[in-house]
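Pasting final.txt here (compact mmCIF, C-alpha atoms):
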# COMPACT_ATOMS: atom_id res chain seq x y z
CA MET A 1 -20.63 -2.79 -24.65
CA GLU A 2 -19.09 -5.20 -22.20
CA ASN A 3 -19.23 -4.36 -18.52
CA PRO A 4 -15.75 -2.98 -17.66
CA LEU A 5 -16.00 -4.49 -14.17
CA HIS A 6 -16.50 -7.97 -15.61
CA PRO A 7 -12.76 -8.91 -15.59
CA PHE A 8 -12.64 -8.49 -11.81
CA GLU A 9 -15.15 -11.25 -11.16
CA LEU A 10 -13.62 -14.51 -10.00
CA HIS A 11 -14.97 -17.91 -10.94
CA ASN A 12 -13.86 -21.09 -9.25
CA TYR A 13 -12.06 -23.58 -11.47
CA VAL A 14 -11.98 -26.36 -8.89
CA GLN A 15 -14.35 -26.54 -5.94
CA LEU A 16 -12.43 -27.51 -2.81
CA SER A 17 -13.19 -27.20 0.85
CA LEU A 18 -11.17 -28.06 3.91
CA PHE A 19 -13.01 -28.47 7.24
CA GLY A 20 -15.80 -26.26 5.96
CA ILE A 21 -13.43 -23.52 4.77
CA ASP A 22 -13.73 -22.71 1.08
CA ILE A 23 -10.31 -23.15 -0.54
CA SER A 24 -11.47 -23.36 -4.14
CA LEU A 25 -8.93 -22.63 -6.84
CA ASN A 26 -9.56 -19.58 -9.01
CA LYS A 27 -7.64 -17.25 -11.28
CA ALA A 28 -6.26 -15.14 -8.42
CA VAL A 29 -4.96 -18.12 -6.44
CA LEU A 30 -3.26 -19.68 -9.48
CA LEU A 31 -1.73 -16.33 -10.42
CA MET A 32 -0.38 -15.84 -6.91
CA TRP A 33 1.32 -19.24 -7.12
CA LEU A 34 2.74 -18.26 -10.49
CA ILE A 35 4.08 -14.99 -9.06
CA ILE A 36 5.70 -16.74 -6.11
CA ALA A 37 7.28 -19.27 -8.48
CA MET A 38 8.51 -16.51 -10.81
CA VAL A 39 10.03 -14.34 -8.06
CA ALA A 40 11.65 -17.29 -6.34
CA GLY A 41 12.91 -18.77 -9.60
CA LEU A 42 14.38 -15.50 -10.86
CA LEU A 43 16.13 -14.70 -7.60
CA ILE A 44 17.46 -18.22 -7.14
CA ALA A 45 18.77 -18.17 -10.71
CA ALA A 46 20.31 -14.74 -10.08
CA GLY A 47 21.94 -15.84 -6.86
CA SER A 48 23.28 -19.18 -7.99
CA SER A 49 26.27 -17.80 -9.91
CA ARG A 50 28.11 -15.71 -7.35
CA ARG A 51 30.59 -14.14 -9.70
CA LEU A 52 32.74 -11.14 -8.94
CA VAL A 53 31.85 -9.71 -12.34
CA PRO A 54 28.08 -10.18 -12.22
CA THR A 55 25.99 -11.66 -14.99
CA LYS A 56 23.06 -9.58 -16.31
CA LEU A 57 20.49 -11.25 -14.08
CA GLN A 58 22.80 -11.09 -11.09
CA SER A 59 23.42 -7.36 -11.51
CA VAL A 60 19.66 -6.69 -11.72
CA ALA A 61 19.19 -8.62 -8.49
CA GLU A 62 22.08 -6.73 -6.85
CA LEU A 63 20.53 -3.42 -7.92
CA LEU A 64 17.24 -4.52 -6.40
CA VAL A 65 18.80 -5.60 -3.12
CA ASP A 66 20.71 -2.31 -2.91
CA PHE A 67 17.53 -0.37 -3.61
CA ILE A 68 15.51 -2.12 -0.89
CA ARG A 69 18.42 -1.87 1.55
CA GLY A 70 18.66 1.88 0.93
CA MET A 71 14.92 2.24 1.46
CA ILE A 72 15.13 0.44 4.82
CA LEU A 73 18.18 2.44 5.97
CA ASP A 74 16.44 5.73 5.04
CA THR A 75 13.25 5.04 6.94
CA MET A 76 14.17 2.68 9.79
CA GLY A 77 17.89 3.05 10.34
CA LYS A 78 20.25 0.16 11.01
CA ASP A 79 17.79 -1.61 13.31
CA GLY A 80 15.45 -2.15 10.40
CA LEU A 81 17.75 -4.47 8.47
CA LYS A 82 16.31 -7.37 10.47
CA PHE A 83 13.13 -6.91 8.44
CA PHE A 84 14.93 -7.03 5.10
CA PRO A 85 13.60 -10.48 4.03
CA PHE A 86 10.01 -9.53 4.82
CA ILE A 87 10.19 -6.16 3.09
CA ALA A 88 11.95 -7.51 0.01
CA THR A 89 9.37 -10.29 -0.32
CA LEU A 90 6.50 -7.84 0.02
CA PHE A 91 7.97 -5.45 -2.54
CA LEU A 92 8.71 -8.14 -5.11
CA PHE A 93 5.34 -9.84 -4.74
CA ILE A 94 3.38 -6.60 -5.15
CA LEU A 95 5.60 -5.41 -8.00
CA PHE A 96 5.25 -8.67 -9.91
CA SER A 97 1.50 -8.89 -9.38
CA ASN A 98 1.08 -5.28 -10.55
CA LEU A 99 3.24 -5.81 -13.61
CA LEU A 100 1.83 -9.23 -14.58
CA GLY A 101 -1.65 -7.75 -14.60
CA LEU A 102 -0.64 -5.38 -17.38
CA ILE A 103 -0.20 -8.21 -19.86
CA PRO A 104 -3.46 -8.17 -21.84
CA GLY A 105 -5.70 -11.07 -20.90
CA SER A 106 -3.94 -11.53 -17.57
CA TYR A 107 -5.27 -10.68 -14.15
CA THR A 108 -4.10 -8.36 -11.36
CA VAL A 109 -4.13 -10.01 -7.95
CA THR A 110 -3.76 -6.64 -6.21
CA SER A 111 -7.06 -5.44 -7.71
CA GLN A 112 -8.86 -7.63 -5.16
CA ILE A 113 -9.26 -5.62 -1.94
CA ILE A 114 -9.07 -8.81 0.14
CA VAL A 115 -5.47 -9.36 -1.01
CA THR A 116 -4.32 -5.81 -0.28
CA ALA A 117 -6.29 -5.77 2.98
CA VAL A 118 -4.57 -8.93 4.19
CA PHE A 119 -1.18 -7.39 3.37
CA ALA A 120 -2.06 -4.14 5.12
CA ILE A 121 -3.47 -5.83 8.23
CA THR A 122 -0.45 -8.13 8.44
CA VAL A 123 1.94 -5.19 8.19
CA TYR A 124 0.03 -3.16 10.76
CA ALA A 125 -0.35 -6.05 13.20
CA MET A 126 3.37 -6.72 12.82
CA SER A 127 4.20 -3.10 13.65
CA LEU A 128 1.99 -3.31 16.77
CA VAL A 129 3.66 -6.54 17.90
CA VAL A 130 7.15 -5.10 17.30
CA GLY A 131 6.21 -1.94 19.17
CA PHE A 132 4.79 -3.70 22.21
CA VAL A 133 7.68 -6.18 22.37
CA ARG A 134 10.27 -3.39 22.24
CA HIS A 135 8.61 -0.75 24.39
CA GLY A 136 5.97 -2.55 26.48
CA VAL A 137 3.26 -0.26 27.83
CA LYS A 138 5.29 2.78 26.82
CA PHE A 139 4.27 2.02 23.23
CA PHE A 140 0.98 3.81 23.96
CA GLY A 141 3.15 6.93 23.95
CA ILE A 142 2.84 6.78 20.17
CA LEU A 143 -0.57 8.38 20.72
CA VAL A 144 1.10 11.47 22.20
CA PRO A 145 3.17 13.47 19.72
CA PRO A 146 6.34 14.94 21.21
CA GLY A 147 5.90 18.44 22.64
CA THR A 148 2.14 18.26 23.27
CA PRO A 149 0.99 20.46 26.17
CA ALA A 150 -0.98 18.56 28.83
CA TRP A 151 -4.24 20.45 28.28
CA LEU A 152 -4.33 19.36 24.63
CA LEU A 153 -4.06 15.65 25.47
CA PRO A 154 -7.83 14.90 25.54
CA LEU A 155 -8.04 16.29 21.99
CA MET A 156 -4.80 14.91 20.59
CA MET A 157 -5.22 11.31 21.76
CA PRO A 158 -8.44 10.60 19.84
CA ILE A 159 -7.00 12.33 16.78
CA GLU A 160 -3.81 10.27 16.94
CA LEU A 161 -5.84 7.11 17.58
CA ILE A 162 -7.90 7.75 14.45
CA SER A 163 -4.82 8.48 12.37
CA GLN A 164 -3.27 5.24 13.63
CA LEU A 165 -6.39 3.23 12.78
CA ALA A 166 -6.50 4.85 9.35
CA ARG A 167 -3.07 3.47 8.49
CA PRO A 168 -4.04 -0.07 7.45
CA ILE A 169 -7.13 1.25 5.63
CA SER A 170 -5.20 3.81 3.61
CA LEU A 171 -2.52 1.22 2.86
CA ALA A 172 -5.05 -1.32 1.57
CA VAL A 173 -7.34 1.09 -0.27
CA ARG A 174 -4.54 2.96 -2.03
CA LEU A 175 -3.08 -0.10 -3.74
CA PHE A 176 -6.47 -1.64 -4.52
CA ALA A 177 -7.98 1.58 -5.87
CA ASN A 178 -5.01 2.45 -8.07
CA MET A 179 -4.89 -0.99 -9.63
CA THR A 180 -8.65 -1.32 -10.12
CA ALA A 181 -9.08 2.19 -11.50
CA GLY A 182 -6.29 1.71 -14.02
CA HIS A 183 -7.77 -1.54 -15.28
CA VAL A 184 -11.30 -0.12 -15.46
CA ILE A 185 -10.01 2.77 -17.59
CA LEU A 186 -8.17 0.33 -19.85
CA GLY A 187 -11.31 -1.82 -20.10
CA VAL A 188 -13.51 1.16 -21.00
CA LEU A 189 -11.03 2.38 -23.63
CA PHE A 190 -10.78 -1.08 -25.20
CA GLY A 191 -14.58 -1.27 -25.25
CA LEU A 192 -14.73 2.09 -26.99
CA ALA A 193 -12.10 1.01 -29.49
CA ILE A 194 -14.15 -2.06 -30.42
CA ALA A 195 -17.45 -0.16 -30.46
CA GLY A 196 -15.96 2.65 -32.57
CA GLY A 197 -14.97 0.36 -35.42
CA ALA A 198 -12.30 1.15 -37.96
CA LEU A 199 -13.44 4.73 -38.56
CA ILE A 200 -12.91 6.27 -35.10
CA GLY A 201 -11.84 3.27 -33.02
CA TRP A 202 -8.13 3.95 -33.53
CA LEU A 203 -8.32 6.98 -31.24
CA PRO A 204 -9.29 5.15 -28.01
CA PHE A 205 -6.92 2.37 -29.05
CA ALA A 206 -4.05 4.86 -29.15
CA PHE A 207 -5.10 6.01 -25.69
CA THR A 208 -4.95 2.44 -24.37
CA ILE A 209 -1.31 2.27 -25.44
CA ALA A 210 -0.54 5.54 -23.66
CA MET A 211 -2.48 4.40 -20.59
CA ASN A 212 -0.62 1.09 -20.52
CA ALA A 213 2.68 2.99 -20.42
CA LEU A 214 1.36 5.10 -17.55
CA GLU A 215 0.15 1.97 -15.77
CA VAL A 216 3.65 0.48 -15.86
CA GLY A 217 4.84 3.57 -13.97
CA ILE A 218 1.95 3.29 -11.53
CA ALA A 219 2.70 -0.39 -10.95
CA PHE A 220 6.23 0.55 -9.83
CA ILE A 221 5.09 3.56 -7.79
CA GLN A 222 2.38 1.70 -5.91
CA ALA A 223 4.67 -1.20 -5.06
CA TYR A 224 7.26 1.34 -3.89
CA ILE A 225 4.78 3.32 -1.79
CA PHE A 226 3.36 0.23 -0.13
CA THR A 227 6.85 -0.92 0.82
CA VAL A 228 8.06 2.50 1.96
CA LEU A 229 5.00 2.90 4.19
CA THR A 230 5.59 -0.56 5.62
CA CYS A 231 9.10 0.58 6.49
CA VAL A 232 7.78 3.83 7.98
CA TYR A 233 5.21 2.08 10.17
CA LEU A 234 7.69 -0.53 11.37
CA GLY A 235 10.21 2.27 11.95
CA ASP A 236 7.65 4.14 14.06
CA ALA A 237 7.23 1.00 16.14
CA ILE A 238 10.99 0.50 16.55
CA SER A 239 11.81 4.07 17.59
CA LEU A 240 8.68 5.78 18.92
CA HIS A 241 7.72 8.79 16.80
CA GLY A 242 9.82 7.67 13.90
CA HIS A 243 13.39 7.88 12.78
CA GLY A 244 14.46 11.47 13.36
CA ASP A 245 10.89 12.72 13.53
CA ALA A 246 11.46 14.34 16.92
CA HIS A 247 14.22 16.54 15.51
CA ALA A 248 12.13 17.75 12.60
CA HIS A 249 10.81 20.72 14.58
CA SER A 250 14.21 22.25 15.28
CA MET B 1 14.43 0.92 -12.26
CA PRO B 2 12.00 3.83 -12.56
CA SER B 3 11.08 4.14 -8.89
CA THR B 4 14.55 5.47 -8.06
CA ASP B 5 13.93 8.27 -10.56
CA PRO B 6 13.37 11.57 -8.68
CA LEU B 7 10.23 12.30 -10.73
CA TYR B 8 8.65 8.97 -9.82
CA ALA B 9 9.70 9.24 -6.19
CA GLY B 10 8.10 12.70 -6.00
CA LEU B 11 4.95 11.45 -7.70
CA GLY B 12 4.85 8.58 -5.24
CA GLN B 13 4.97 10.94 -2.30
CA ALA B 14 2.29 13.16 -3.84
CA VAL B 15 -0.31 10.44 -4.42
CA ARG B 16 0.06 9.37 -0.78
CA ILE B 17 -1.60 12.45 0.62
CA GLY B 18 -5.07 12.00 -0.92
CA THR B 19 -5.72 8.53 0.49
CA GLU B 20 -4.19 9.60 3.80
CA LEU B 21 -6.87 12.31 4.15
CA LEU B 22 -9.69 10.07 2.99
CA ALA B 23 -8.87 7.05 5.15
CA ALA B 24 -8.71 9.10 8.35
CA LEU B 25 -12.06 10.72 7.50
CA ILE B 26 -13.64 7.29 6.90
CA VAL B 27 -12.28 5.87 10.16
CA GLY B 28 -13.33 8.93 12.18
CA GLY B 29 -16.83 9.03 10.69
CA GLY B 30 -17.17 5.27 11.01
CA LEU B 31 -16.20 5.26 14.69
CA GLY B 32 -18.60 8.14 15.39
CA TRP B 33 -21.40 6.40 13.54
CA ALA B 34 -20.75 3.13 15.36
CA ALA B 35 -20.82 4.93 18.71
CA ASP B 36 -24.15 6.51 17.71
CA THR B 37 -25.76 3.32 16.54
CA TYR B 38 -24.48 0.64 18.89
CA LEU B 39 -23.33 2.36 22.07
CA PHE B 40 -25.18 5.50 23.04
CA ALA B 41 -28.07 6.14 20.62
CA SER B 42 -26.87 9.74 20.75
CA GLY B 43 -28.42 11.06 17.56
CA PRO B 44 -26.13 12.49 14.93
CA TRP B 45 -23.62 13.92 17.39
CA GLY B 46 -21.22 11.00 17.43
CA LEU B 47 -21.00 11.13 13.63
CA VAL B 48 -20.47 14.91 13.68
CA VAL B 49 -17.71 14.76 16.29
CA GLY B 50 -16.19 11.70 14.62
CA LEU B 51 -16.04 13.39 11.23
CA ILE B 52 -14.42 16.51 12.70
CA LEU B 53 -11.84 14.43 14.59
CA GLY B 54 -11.31 12.33 11.46
CA ALA B 55 -10.66 15.42 9.37
CA ALA B 56 -8.17 16.64 11.97
CA ALA B 57 -6.49 13.23 12.00
CA GLY B 58 -6.30 13.26 8.20
CA VAL B 59 -4.62 16.65 8.15
CA ARG B 60 -2.29 15.46 10.89
CA SER B 61 -1.26 12.35 8.89
CA ALA B 62 -0.81 14.40 5.73
CA TYR B 63 1.34 16.85 7.69
CA ARG B 64 3.39 14.02 9.10
CA ALA B 65 3.85 12.55 5.63
CA ALA B 66 4.96 15.93 4.31
CA GLN B 67 7.42 16.38 7.18
CA ARG B 68 9.56 13.58 5.81
CA TRP B 69 10.15 15.37 2.52
CA SER B 70 12.36 18.03 4.04
CA LYS B 71 14.88 15.35 5.01
CA PRO B 72 17.70 15.05 2.48

As structure tokens:
Amino acid sequence: MENPLHPFELHNYVQLSLFGIDISLNKAVLLMWLIIAMVAGLLIAAGSSRRLVPTKLQSVAELLVDFIRGMILDTMGKDGLKFFPFIATLFLFILFSNLLGLIPGSYTVTSQIIVTAVFAITVYAMSLVVGFVRHGVKFFGILVPPGTPAWLLPLMMPIELISQLARPISLAVRLFANMTAGHVILGVLFGLAIAGGALIGWLPFAFTIAMNALEVGIAFIQAYIFTVLTCVYLGDAISLHGHGDAHAHS
Amino acid sequence: MPSTDPLYAGLGQAVRIGTELLAALIVGGGLGWAADTYLFASGPWGLVVGLILGAAAGVRSAYRAAQRWSKP
């Protein structure tokens, strides 16, 4: 049986290097370009006809914009709308790369931990920069939850520091693990279907169809979670201790 | 769009918690281990303390994630 981890290996198509940095082209790079082209092309096509009665494509795009706008308003408040372009780009890129990977024979960019890690580190670094620009040194107050008695501070600060440092890791690992696990399961089931032959092979094949349907849901959910958490982290940086978090105890 | 569906939104919030716990545990244990190995040569104690703090941090993040659900 074929190794189910085999599809995740990347082989360079074109060897390139720039000042000693390896910038070879491989499947993942080409697919990322394709995703960028697809997202940009679809949205430009949707936005070009600004009709009062929207076309089909335009109404899908309007739905999407409304959805992302609502997500930002829920988690960050009005101040967060400045980040709308960044958050919409992130959501669409992750959503398209998750969904494109479900086409048999294609490849999921988000199943490479380096891709998700770069996203997570960028988001986290951005939230730190926003926090320090807005609050200065007071931003360290994020390590002290509201209402902490002074004698608990030596215990709470390391705990909060760890939970802050865990944010980019959980963000990166969650997306990577969900995508990789789903594709490994699909690979194993396809392998079983081929190994089982005509007699029993239809059973795992039926499961691959069910799994694929589940994976479509997971593709949406993981893109949504990644984006919502981006909003939450940026919101924490904008208003220390989050939007309305301080009132949650009352 | 399925992610606006209440079922999917709830599922999305539920799958958050597991990685939240795990990541904090990994960071806490990793920091403790690094302090043991590179800073103090303090036997297993850095790892032990780090894991305990990491577990506490994980529960704290999970609690904070759950706090947002009560909001309408």

For range 14-26 of chain B, take all atoms listed in the file, fit an axis-aligned box around them, add 3 Å to each of the six sides, then output centre and edge lengths in Å rounded to one decimal, as lines of an AutoDock Vina configuration file.
center_x = -5.7
center_y = 10.1
center_z = 2.0
size_x = 21.9
size_y = 12.1
size_z = 18.8

- Item | Residue contacts of range 163-178 of chain A (6 Å, all atoms listed in the file) excluding same-chain residues fewer than 6 positions away, as a VMD selection string | (chain A and resid 110 to 111 113 116 to 117 120 to 121) or (chain B and resid 19 to 20 23 to 24 27 57)

- One decimal, Å: what's the distance from CA of Glu9 in chain A over to CA of Thr208 in chain A, could you say?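 The value is 21.6 Å.
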
- Task: Name all residues at most 9 Å from Phe83 in chain A (count all atoms listed in the file; drop same-chain ones fewer than 3 positions away) and give them as a ChimeraX atom specification.
- Result: /A:72,79-80,86-88,231,234

- Task: For CA of Phe220 in chain A and CA of Leu95 in chain A, quote the distance in Å rounded to one decimal.
- Result: 6.3 Å

- Query: What is the CA of Gly10 in chain B to CA of Tyr224 in chain A distance in Å?
  - Reply: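 These two atoms are separated by 11.6 Å.
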
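Among the candidates A:Ala61, A:Val115, A:Val53, A:Leu192, the residue lying nearest to chain B is A:Ala61 (atoms considered: only C-alpha atoms).
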
- Pick out the closest residue to chain A from this set: B:Ile52, B:Trp33, B:Ser42, B:Gly28. Count all atoms listed in the file. B:Gly28

Have range 103-124 of chain A completed to N, CA and C atoms, please, and pass it along as an mmCIF file, in the coordinates of the input.
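Okay, part_14.cif is ready:
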data_model
loop_
_atom_site.group_PDB
_atom_site.id
_atom_site.type_symbol
_atom_site.label_atom_id
_atom_site.label_comp_id
_atom_site.auth_asym_id
_atom_site.auth_seq_id
_atom_site.Cartn_x
_atom_site.Cartn_y
_atom_site.Cartn_z
ATOM 1 N N ILE A 103 -0.203 -7.410 -18.633
ATOM 2 C CA ILE A 103 -0.200 -8.210 -19.860
ATOM 3 C C ILE A 103 -1.664 -8.428 -20.250
ATOM 4 N N PRO A 104 -2.050 -8.037 -21.459
ATOM 5 C CA PRO A 104 -3.460 -8.170 -21.840
ATOM 6 C C PRO A 104 -3.946 -9.607 -21.682
ATOM 7 N N GLY A 105 -5.140 -9.743 -21.132
ATOM 8 C CA GLY A 105 -5.700 -11.070 -20.900
ATOM 9 C C GLY A 105 -5.300 -11.667 -19.571
ATOM 10 N N SER A 106 -4.361 -11.027 -18.872
ATOM 11 C CA SER A 106 -3.940 -11.530 -17.570
ATOM 12 C C SER A 106 -4.849 -10.953 -16.482
ATOM 13 N N TYR A 107 -4.423 -11.084 -15.265
ATOM 14 C CA TYR A 107 -5.270 -10.680 -14.150
ATOM 15 C C TYR A 107 -4.391 -10.073 -13.059
ATOM 16 N N THR A 108 -4.870 -9.001 -12.415
ATOM 17 C CA THR A 108 -4.100 -8.360 -11.360
ATOM 18 C C THR A 108 -4.590 -8.836 -10.011
ATOM 19 N N VAL A 109 -3.731 -9.511 -9.263
ATOM 20 C CA VAL A 109 -4.130 -10.010 -7.950
ATOM 21 C C VAL A 109 -4.415 -8.847 -7.016
ATOM 22 N N THR A 110 -3.619 -7.767 -7.135
ATOM 23 C CA THR A 110 -3.760 -6.640 -6.210
ATOM 24 C C THR A 110 -4.997 -5.804 -6.504
ATOM 25 N N SER A 111 -5.809 -6.174 -7.520
ATOM 26 C CA SER A 111 -7.060 -5.440 -7.710
ATOM 27 C C SER A 111 -8.194 -6.074 -6.915
ATOM 28 N N GLN A 112 -7.882 -7.081 -6.109
ATOM 29 C CA GLN A 112 -8.860 -7.630 -5.160
ATOM 30 C C GLN A 112 -8.559 -7.018 -3.802
ATOM 31 N N ILE A 113 -9.563 -6.342 -3.191
ATOM 32 C CA ILE A 113 -9.260 -5.620 -1.940
ATOM 33 C C ILE A 113 -8.918 -6.611 -0.834
ATOM 34 N N ILE A 114 -9.379 -7.860 -0.939
ATOM 35 C CA ILE A 114 -9.070 -8.810 0.140
ATOM 36 C C ILE A 114 -7.566 -9.075 0.192
ATOM 37 N N VAL A 115 -6.916 -9.100 -0.993
ATOM 38 C CA VAL A 115 -5.470 -9.360 -1.010
ATOM 39 C C VAL A 115 -4.724 -8.193 -0.381
ATOM 40 N N THR A 116 -5.044 -6.965 -0.826
ATOM 41 C CA THR A 116 -4.320 -5.810 -0.280
ATOM 42 C C THR A 116 -4.659 -5.629 1.195
ATOM 43 N N ALA A 117 -5.914 -5.942 1.579
ATOM 44 C CA ALA A 117 -6.290 -5.770 2.980
ATOM 45 C C ALA A 117 -5.521 -6.738 3.869
ATOM 46 N N VAL A 118 -5.338 -7.974 3.385
ATOM 47 C CA VAL A 118 -4.570 -8.930 4.190
ATOM 48 C C VAL A 118 -3.126 -8.460 4.354
ATOM 49 N N PHE A 119 -2.539 -7.945 3.257
ATOM 50 C CA PHE A 119 -1.180 -7.390 3.370
ATOM 51 C C PHE A 119 -1.143 -6.269 4.395
ATOM 52 N N ALA A 120 -2.096 -5.322 4.264
ATOM 53 C CA ALA A 120 -2.060 -4.140 5.120
ATOM 54 C C ALA A 120 -2.263 -4.525 6.578
ATOM 55 N N ILE A 121 -3.206 -5.445 6.839
ATOM 56 C CA ILE A 121 -3.470 -5.830 8.230
ATOM 57 C C ILE A 121 -2.264 -6.569 8.794
ATOM 58 N N THR A 122 -1.650 -7.426 7.974
ATOM 59 C CA THR A 122 -0.450 -8.130 8.440
ATOM 60 C C THR A 122 0.645 -7.141 8.824
ATOM 61 N N VAL A 123 0.878 -6.164 7.923
ATOM 62 C CA VAL A 123 1.940 -5.190 8.190
ATOM 63 C C VAL A 123 1.624 -4.411 9.458
ATOM 64 N N TYR A 124 0.369 -3.989 9.606
ATOM 65 C CA TYR A 124 0.030 -3.160 10.760
ATOM 66 C C TYR A 124 0.106 -3.966 12.053
#
